[in-house]
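Okay, target_22.csv now, which holds CSV, C-alpha atoms and all ligand atoms:
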```csv
chain,number,residue,atom,x,y,z
T,134,MET,CA,100.9,113.6,143.4
T,135,ALA,CA,102.9,111.7,145.9
T,136,ARG,CA,105.6,109.4,144.6
T,137,ILE,CA,107.3,108.4,147.8
T,138,VAL,CA,110.4,106.4,148.5
T,139,LEU,CA,111.0,105.2,152.1
T,140,LEU,CA,114.6,104.9,153.1
T,141,GLY,CA,116.1,103.4,156.2
T,142,ALA,CA,118.1,100.5,157.6
T,143,PRO,CA,116.4,97.1,158.0
T,144,GLY,CA,114.2,97.3,161.0
T,145,ALA,CA,113.8,101.1,160.8
T,146,GLY,CA,110.1,100.7,160.4
T,147,LYS,CA,109.6,101.2,156.7
T,148,GLY,CA,107.0,98.5,156.3
T,149,THR,CA,105.0,99.6,159.4
T,150,GLN,CA,105.0,103.2,158.2
T,151,ALA,CA,104.1,102.2,154.6
T,152,ALA,CA,101.1,100.2,155.8
T,153,LEU,CA,99.8,103.2,157.8
T,154,LEU,CA,100.5,105.6,154.9
T,155,LYS,CA,98.7,103.4,152.5
T,156,GLU,CA,95.5,103.7,154.6
T,157,LYS,CA,95.9,107.4,155.3
T,158,TYR,CA,96.8,108.6,151.8
T,159,ASN,CA,95.2,105.8,149.8
T,160,LEU,CA,98.4,105.1,147.9
T,161,PRO,CA,99.7,101.6,146.8
T,162,HIS,CA,102.3,100.2,149.1
T,163,ILE,CA,105.0,98.5,147.0
T,164,SER,CA,107.4,96.4,149.0
T,165,THR,CA,109.9,94.5,146.9
T,166,GLY,CA,110.7,92.3,149.9
T,167,ASP,CA,107.0,91.4,150.2
T,168,ILE,CA,106.8,90.6,146.5
T,169,PHE,CA,109.8,88.3,146.7
T,170,ARG,CA,108.5,86.6,149.9
T,171,ALA,CA,105.1,86.0,148.3
T,172,ASN,CA,106.8,84.5,145.2
T,173,ILE,CA,109.0,82.2,147.5
T,174,ARG,CA,105.9,81.1,149.4
T,175,GLU,CA,104.0,80.3,146.2
T,176,GLY,CA,107.1,78.5,144.7
T,177,THR,CA,107.1,80.6,141.5
T,178,PRO,CA,110.1,80.6,139.2
T,179,LEU,CA,111.0,84.1,140.5
T,180,GLY,CA,110.7,82.8,144.1
T,181,VAL,CA,113.0,79.8,143.4
T,182,LYS,CA,115.5,82.1,141.8
T,183,VAL,CA,115.7,84.6,144.7
T,184,LYS,CA,115.3,82.4,147.8
T,185,ALA,CA,118.9,81.5,148.4
T,186,ILE,CA,120.0,85.1,147.9
T,187,ILE,CA,117.5,86.4,150.4
T,188,ASP,CA,118.2,83.7,152.9
T,189,LYS,CA,121.8,84.9,152.9
T,190,GLY,CA,120.9,88.5,153.4
T,191,GLU,CA,122.3,89.5,150.0
T,192,LEU,CA,120.6,91.7,147.4
T,193,VAL,CA,118.7,90.3,144.4
T,194,PRO,CA,120.3,91.4,141.2
T,195,ASP,CA,119.4,94.9,140.1
T,196,GLU,CA,118.0,94.0,136.6
T,197,LEU,CA,115.6,91.5,138.1
T,198,THR,CA,114.4,93.9,140.8
T,199,VAL,CA,114.2,96.9,138.5
T,200,ALA,CA,112.1,95.0,135.9
T,201,LEU,CA,109.7,94.0,138.7
T,202,VAL,CA,109.2,97.5,140.0
T,203,LYS,CA,108.9,99.0,136.5
T,204,ASP,CA,106.0,96.6,135.7
T,205,ARG,CA,104.4,97.3,139.0
T,206,LEU,CA,104.6,101.1,138.6
T,207,ALA,CA,103.0,100.8,135.2
T,208,MET,CA,99.8,99.5,136.8
T,209,PRO,CA,96.8,102.0,136.9
T,210,ASP,CA,96.7,102.2,140.7
T,211,CYS,CA,100.2,103.9,140.7
T,212,GLU,CA,98.9,106.8,138.5
T,213,LYS,CA,98.2,108.9,141.6
T,214,GLY,CA,101.5,108.0,143.3
T,215,TYR,CA,103.0,105.2,145.3
T,216,ILE,CA,104.9,104.3,148.4
T,217,LEU,CA,108.1,102.4,147.6
T,218,ASP,CA,109.4,100.3,150.6
T,219,GLY,CA,112.7,98.6,150.2
T,220,PHE,CA,113.3,99.9,146.6
T,221,PRO,CA,115.6,101.4,145.5
T,222,ARG,CA,118.4,99.7,147.5
T,223,THR,CA,121.4,100.6,145.2
T,224,ILE,CA,122.5,103.6,143.3
T,225,ALA,CA,122.0,101.6,140.1
T,226,GLN,CA,118.3,100.9,141.1
T,227,ALA,CA,117.8,104.6,141.9
T,228,GLU,CA,119.2,105.7,138.5
T,229,ALA,CA,117.0,103.1,136.8
T,230,LEU,CA,113.9,104.4,138.7
T,231,GLU,CA,114.6,107.9,137.4
T,232,SER,CA,114.4,106.6,133.8
T,233,PHE,CA,110.7,105.6,134.3
T,234,SER,CA,109.4,107.6,137.2
T,235,SER,CA,110.2,110.7,139.2
T,236,VAL,CA,110.3,110.7,142.9
T,237,ASP,CA,108.7,113.6,144.8
T,238,MET,CA,110.1,112.7,148.2
T,239,ALA,CA,112.5,110.3,149.8
T,240,ILE,CA,111.8,110.0,153.4
T,241,ASN,CA,114.7,108.6,155.4
T,242,ILE,CA,113.7,107.0,158.7
T,243,ALA,CA,116.7,107.3,160.9
T,244,VAL,CA,117.1,104.8,163.8
T,245,ASP,CA,119.9,103.9,166.2
T,246,ASP,CA,121.8,100.7,165.5
T,247,GLU,CA,120.8,99.0,168.8
T,248,ALA,CA,117.2,99.7,168.1
T,249,VAL,CA,117.4,98.0,164.8
T,250,ILE,CA,118.8,94.7,166.2
T,251,ARG,CA,116.2,94.7,169.0
T,252,ARG,CA,113.3,95.4,166.6
T,253,ILE,CA,114.3,92.8,164.1
T,254,ALA,CA,114.8,90.1,166.8
T,255,GLY,CA,111.1,90.6,168.0
T,256,ARG,CA,109.6,91.0,164.6
T,257,ARG,CA,106.8,88.6,163.6
T,258,MET,CA,105.0,88.5,160.3
T,259,CYS,CA,101.7,87.2,158.9
T,260,LYS,CA,101.2,86.0,155.4
T,261,CYS,CA,98.4,88.5,155.0
T,262,GLY,CA,101.0,91.3,155.3
T,263,GLU,CA,100.5,92.4,158.9
T,264,THR,CA,103.6,92.7,161.0
T,265,TYR,CA,103.8,92.6,164.8
T,266,HIS,CA,106.4,92.9,167.5
T,267,THR,CA,106.7,90.6,170.5
T,268,SER,CA,107.1,93.6,172.8
T,269,THR,CA,103.6,94.8,172.0
T,270,TYR,CA,101.8,91.7,170.8
T,271,GLY,CA,101.9,88.4,172.7
T,272,ALA,CA,99.7,86.1,170.6
T,273,ASP,CA,100.8,83.6,168.0
T,274,GLU,CA,98.0,84.3,165.6
T,275,CYS,CA,97.3,87.3,163.4
T,276,ALA,CA,94.7,89.7,164.9
T,277,LYS,CA,93.4,90.4,161.4
T,278,CYS,CA,93.2,87.1,159.7
T,279,GLY,CA,93.9,84.5,162.4
T,280,SER,CA,96.9,82.8,160.6
T,281,LYS,CA,99.9,81.7,162.5
T,282,LEU,CA,102.6,84.3,162.8
T,283,TYR,CA,106.2,83.5,161.8
T,284,GLN,CA,109.6,84.9,161.9
T,285,ARG,CA,111.3,85.8,158.6
T,286,ASP,CA,114.2,83.4,157.8
T,287,ASP,CA,116.4,86.4,157.2
T,288,ASP,CA,115.6,87.9,160.6
T,289,ARG,CA,118.0,85.4,162.2
T,290,GLU,CA,120.8,87.3,163.9
T,291,GLU,CA,123.7,86.2,161.6
T,292,VAL,CA,121.7,87.1,158.5
T,293,VAL,CA,120.6,90.5,160.1
T,294,ARG,CA,124.3,91.4,160.5
T,295,GLU,CA,124.9,90.7,156.8
T,296,ARG,CA,121.8,92.8,155.9
T,297,LEU,CA,123.1,95.7,157.9
T,298,ARG,CA,126.5,95.4,156.2
T,299,VAL,CA,124.8,95.4,152.8
T,300,TYR,CA,122.8,98.4,153.9
T,301,ASP,CA,125.8,100.4,154.9
T,302,ARG,CA,127.7,99.6,151.7
T,303,GLN,CA,125.0,99.6,149.1
T,304,THR,CA,121.9,101.5,150.3
T,305,LYS,CA,123.1,104.2,152.6
T,306,PRO,CA,124.6,106.1,149.7
T,307,LEU,CA,121.0,106.7,148.5
T,308,ILE,CA,120.6,109.3,151.3
T,309,GLU,CA,123.2,111.5,149.6
T,310,PHE,CA,121.8,110.6,146.1
T,311,TYR,CA,118.3,112.0,147.1
T,312,ALA,CA,119.8,114.9,149.1
T,313,LYS,CA,121.5,116.1,145.9
T,314,ARG,CA,118.2,116.0,144.0
T,315,GLY,CA,116.6,118.1,146.7
T,316,VAL,CA,113.9,115.6,147.7
T,317,LEU,CA,115.4,114.1,150.9
T,318,HIS,CA,113.6,114.4,154.3
T,319,THR,CA,115.2,112.7,157.3
T,320,ILE,CA,113.1,112.1,160.3
T,321,ASP,CA,113.7,110.5,163.7
T,322,GLY,CA,112.4,107.0,163.8
T,323,ASN,CA,113.5,106.2,167.3
T,324,LYS,CA,110.4,107.4,169.1
T,325,GLY,CA,107.9,104.7,168.4
T,326,VAL,CA,105.3,104.0,165.6
T,327,GLU,CA,102.9,106.8,166.4
T,328,ALA,CA,105.5,109.6,166.7
T,329,THR,CA,107.2,108.4,163.6
T,330,PHE,CA,104.0,108.3,161.7
T,331,ARG,CA,103.2,111.9,162.7
T,332,LEU,CA,106.6,113.0,161.4
T,333,VAL,CA,106.2,111.1,158.1
T,334,SER,CA,102.7,112.6,157.6
T,335,GLU,CA,104.1,116.1,158.2
T,336,VAL,CA,106.6,115.6,155.4
T,337,ILE,CA,104.0,114.4,153.0
T,338,ASP,CA,101.6,117.2,154.0
T,339,GLY,CA,104.4,119.7,153.3
T,340,ARG,CA,104.7,120.7,157.0
T,341,HIS,CA,108.3,119.4,157.7
M,401,LIG,P1,113.0,93.6,152.9
M,401,LIG,O1,111.7,93.0,153.2
M,401,LIG,O2,112.8,95.0,152.2
M,401,LIG,O3,113.9,93.7,154.1
M,401,LIG,O4,113.7,92.7,151.8
M,401,LIG,C1,114.1,91.4,152.1
M,401,LIG,C2,115.2,90.9,151.2
M,401,LIG,O5,114.7,90.9,149.8
M,401,LIG,C3,116.4,91.7,151.1
M,401,LIG,O6,117.3,91.4,152.2
M,401,LIG,C4,116.9,91.4,149.8
M,401,LIG,O7,117.5,90.1,149.7
M,401,LIG,C5,115.7,91.3,148.9
M,401,LIG,N1,115.3,92.6,148.4
M,401,LIG,C6,114.2,93.4,148.7
M,401,LIG,N2,114.2,94.5,148.0
M,401,LIG,C7,115.3,94.5,147.2
M,401,LIG,C8,115.9,95.4,146.3
M,401,LIG,N3,115.3,96.6,146.0
M,401,LIG,N4,117.0,95.0,145.7
M,401,LIG,C9,117.6,93.9,145.9
M,401,LIG,N5,117.2,93.0,146.8
M,401,LIG,C10,116.0,93.3,147.5
```
Just give me the structure of the file as structure tokens.
Ligand code: AMP
Amino acid sequence: MARIVLLGAPGAGKGTQAALLKEKYNLPHISTGDIFRANIREGTPLGVKVKAIIDKGELVPDELTVALVKDRLAMPDCEKGYILDGFPRTIAQAEALESFSSVDMAINIAVDDEAVIRRIAGRRMCKCGETYHTSTYGADECAKCGSKLYQRDDDREEVVRERLRVYDRQTKPLIEFYAKRGVLHTIDGNKGVEATFRLVSEVIDGRH
């Protein structure tokens, strides 16, 4: 059973690693950010509710986010485990998660601050879920589905700064939270996608 939480600042590479892990370990990748963005794109009531909050770089209220994740984890594909990416983001969310699931490992992807800003500035997304970086991918269309790539609204510099402040204040304390529970593994996320993936896989395989 692998119930995995990925921790790390915005731009640490959680989404990239989660997508690779999903393939390798055949676990569902649950990204609250992706769920919110899909709802915004489709104009659902949830999307309408959260758009302004996300555009400012603030956090969606805990009750709403927790309810969403609780429903998702109750689905049959999560019986064998899951990869949570972007949740929990506050101590209250982590405590709520404990009431309906137990986390086997929290993998903290540690990256330097300058790398985070650089990565986010070049990040490009596709609506199919693929992500790219301008430093390694020059085209405007997705290699998988051909749709036009776009930059997330909240990847603009002033919003990124607010997201990093929110991370420091609200999310960073989770490192201590999971350390106390004996499930924290911190790995170096500065060395590129492949090297990071090797380290994350080692943790999951019990070799780290
Ligand atoms: P992400 O794609 O994980 O960077 O999330 C994008 C945005 O969605 C965040 O900046 C928040 O506004 C919102 N969001 C995603 N996950 C959460 C969460 N667990 N709690 C509150 N807000 C969230």
Using all atoms listed in the file, find each residue in region 183-247 of chain T having at least one atom no more than 9 Å away from region 290-305 of chain T; report its shortest atom-to-atom pair and that distance in Å (one decimal), rows by chain then rising number, as a tab-separated table.
```
residue	atom	partner	partner_atom	distance
T:Asp188	CA	T:Val292	CA	7.4
T:Lys189	CA	T:Val292	CA	6.0
T:Gly190	CA	T:Arg296	CA	5.1
T:Glu191	CA	T:Arg296	CA	6.8
T:Leu192	CA	T:Val299	CA	7.8
T:Pro221	CA	T:Thr304	CA	7.9
T:Arg222	CA	T:Thr304	CA	4.8
T:Thr223	CA	T:Thr304	CA	5.2
T:Ile224	CA	T:Thr304	CA	7.3
```
For this session: Could you give me, as a PyMOL selection string, the residues within 12 Å of Leu197 (chain T), counting only C-alpha atoms and dropping anything in the same chain fewer than 2 positions from it?
Result: chain T and resi 165+169+179-180+182-183+192-195+199-204+226+229
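Using all atoms listed in the file, the shortest contact distance between Ile242 (chain T) and any of T:Gly146, T:Gly325, T:Gly166, T:Gly214 is found at T:Gly146.
Candidate residues T:Gln150, T:Thr177, T:Ser232, T:Ser164 were compared for distance to ligand LIG 401 (chain M), and the nearest is T:Ser164, using all atoms listed in the file.
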Problem set entry | Distance criterion (all atoms listed in the file): nearest to Tyr158 (chain T) out of T:Val244, T:Val181, T:Glu175, T:Ile216 |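 Using all atoms listed in the file, Tyr158 (chain T) sits closest to T:Ile216.
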Exercise. Which protein, DNA or RNA residues have an atom at most 7 Å from (111.4, 107.6, 149.4), counting all atoms listed in the file? List them as a list in words.
Worked result: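 The requested residues, written out, are Ile137, Val138, Leu139, Leu140, Leu217, Met238, Ala239, Ile240 and Asn241 of chain T.
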Problem set entry | Selected residue of minimal separation from Asn323 (chain T) among T:Ala243, T:Met208, T:Asp167, T:Gly148, counting all atoms listed in the file |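 Using all atoms listed in the file, the shortest distance to Asn323 (chain T) belongs to T:Ala243.
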Problem set entry | Counting only C-alpha atoms and all ligand atoms, the residue of T:Asp210, T:Asp237, T:Asp286, T:Glu274 that sits nearest ligand LIG 401 (chain M) | T:Asp286
For this session: Find the residues around Leu154 (chain T) up to 9 Å (all atoms listed in the file counted), leave out those fewer than 3 positions away in its own chain, and share them as a ChimeraX atom specification.
Result: /T:149-151,157-160,162,216,330,333-334
For this session: Determine the nearest neighbour of ligand LIG 401 (chain M) from the options T:Ala312, T:Met134, T:Ile163, T:Ile187, counting all atoms listed in the file.
Result: T:Ile187
Exercise. Suppose you want the space between CA of Arg289 (chain T) and CA of Thr198 (chain T); what is it in Å?
Worked result: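 Going from CA of Arg289 (chain T) over to CA of Thr198 (chain T) covers 23.3 Å.
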For this session: Within 9 Å of Arg256 (chain T), counting all atoms listed in the file, which residues show up once you throw out same-chain ones fewer than 5 positions away? Write them as an NGL selection string, please.
Result: :T and (144 or 251 or 264-268 or 283-285 or 288)
For this session: Just give me the gap between CA of Lys184 (chain T) and CA of Arg170 (chain T) in Å, one decimal is fine.
Result: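 Between CA of Lys184 (chain T) and CA of Arg170 (chain T) the gap is 8.3 Å.
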For this session: Work out how far apart CA of Ala248 (chain T) and CA of Ala145 (chain T) are and give it in Å to one decimal.
Result: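 CA of Ala145 (chain T) lies at a distance of 8.2 Å from CA of Ala248 (chain T).
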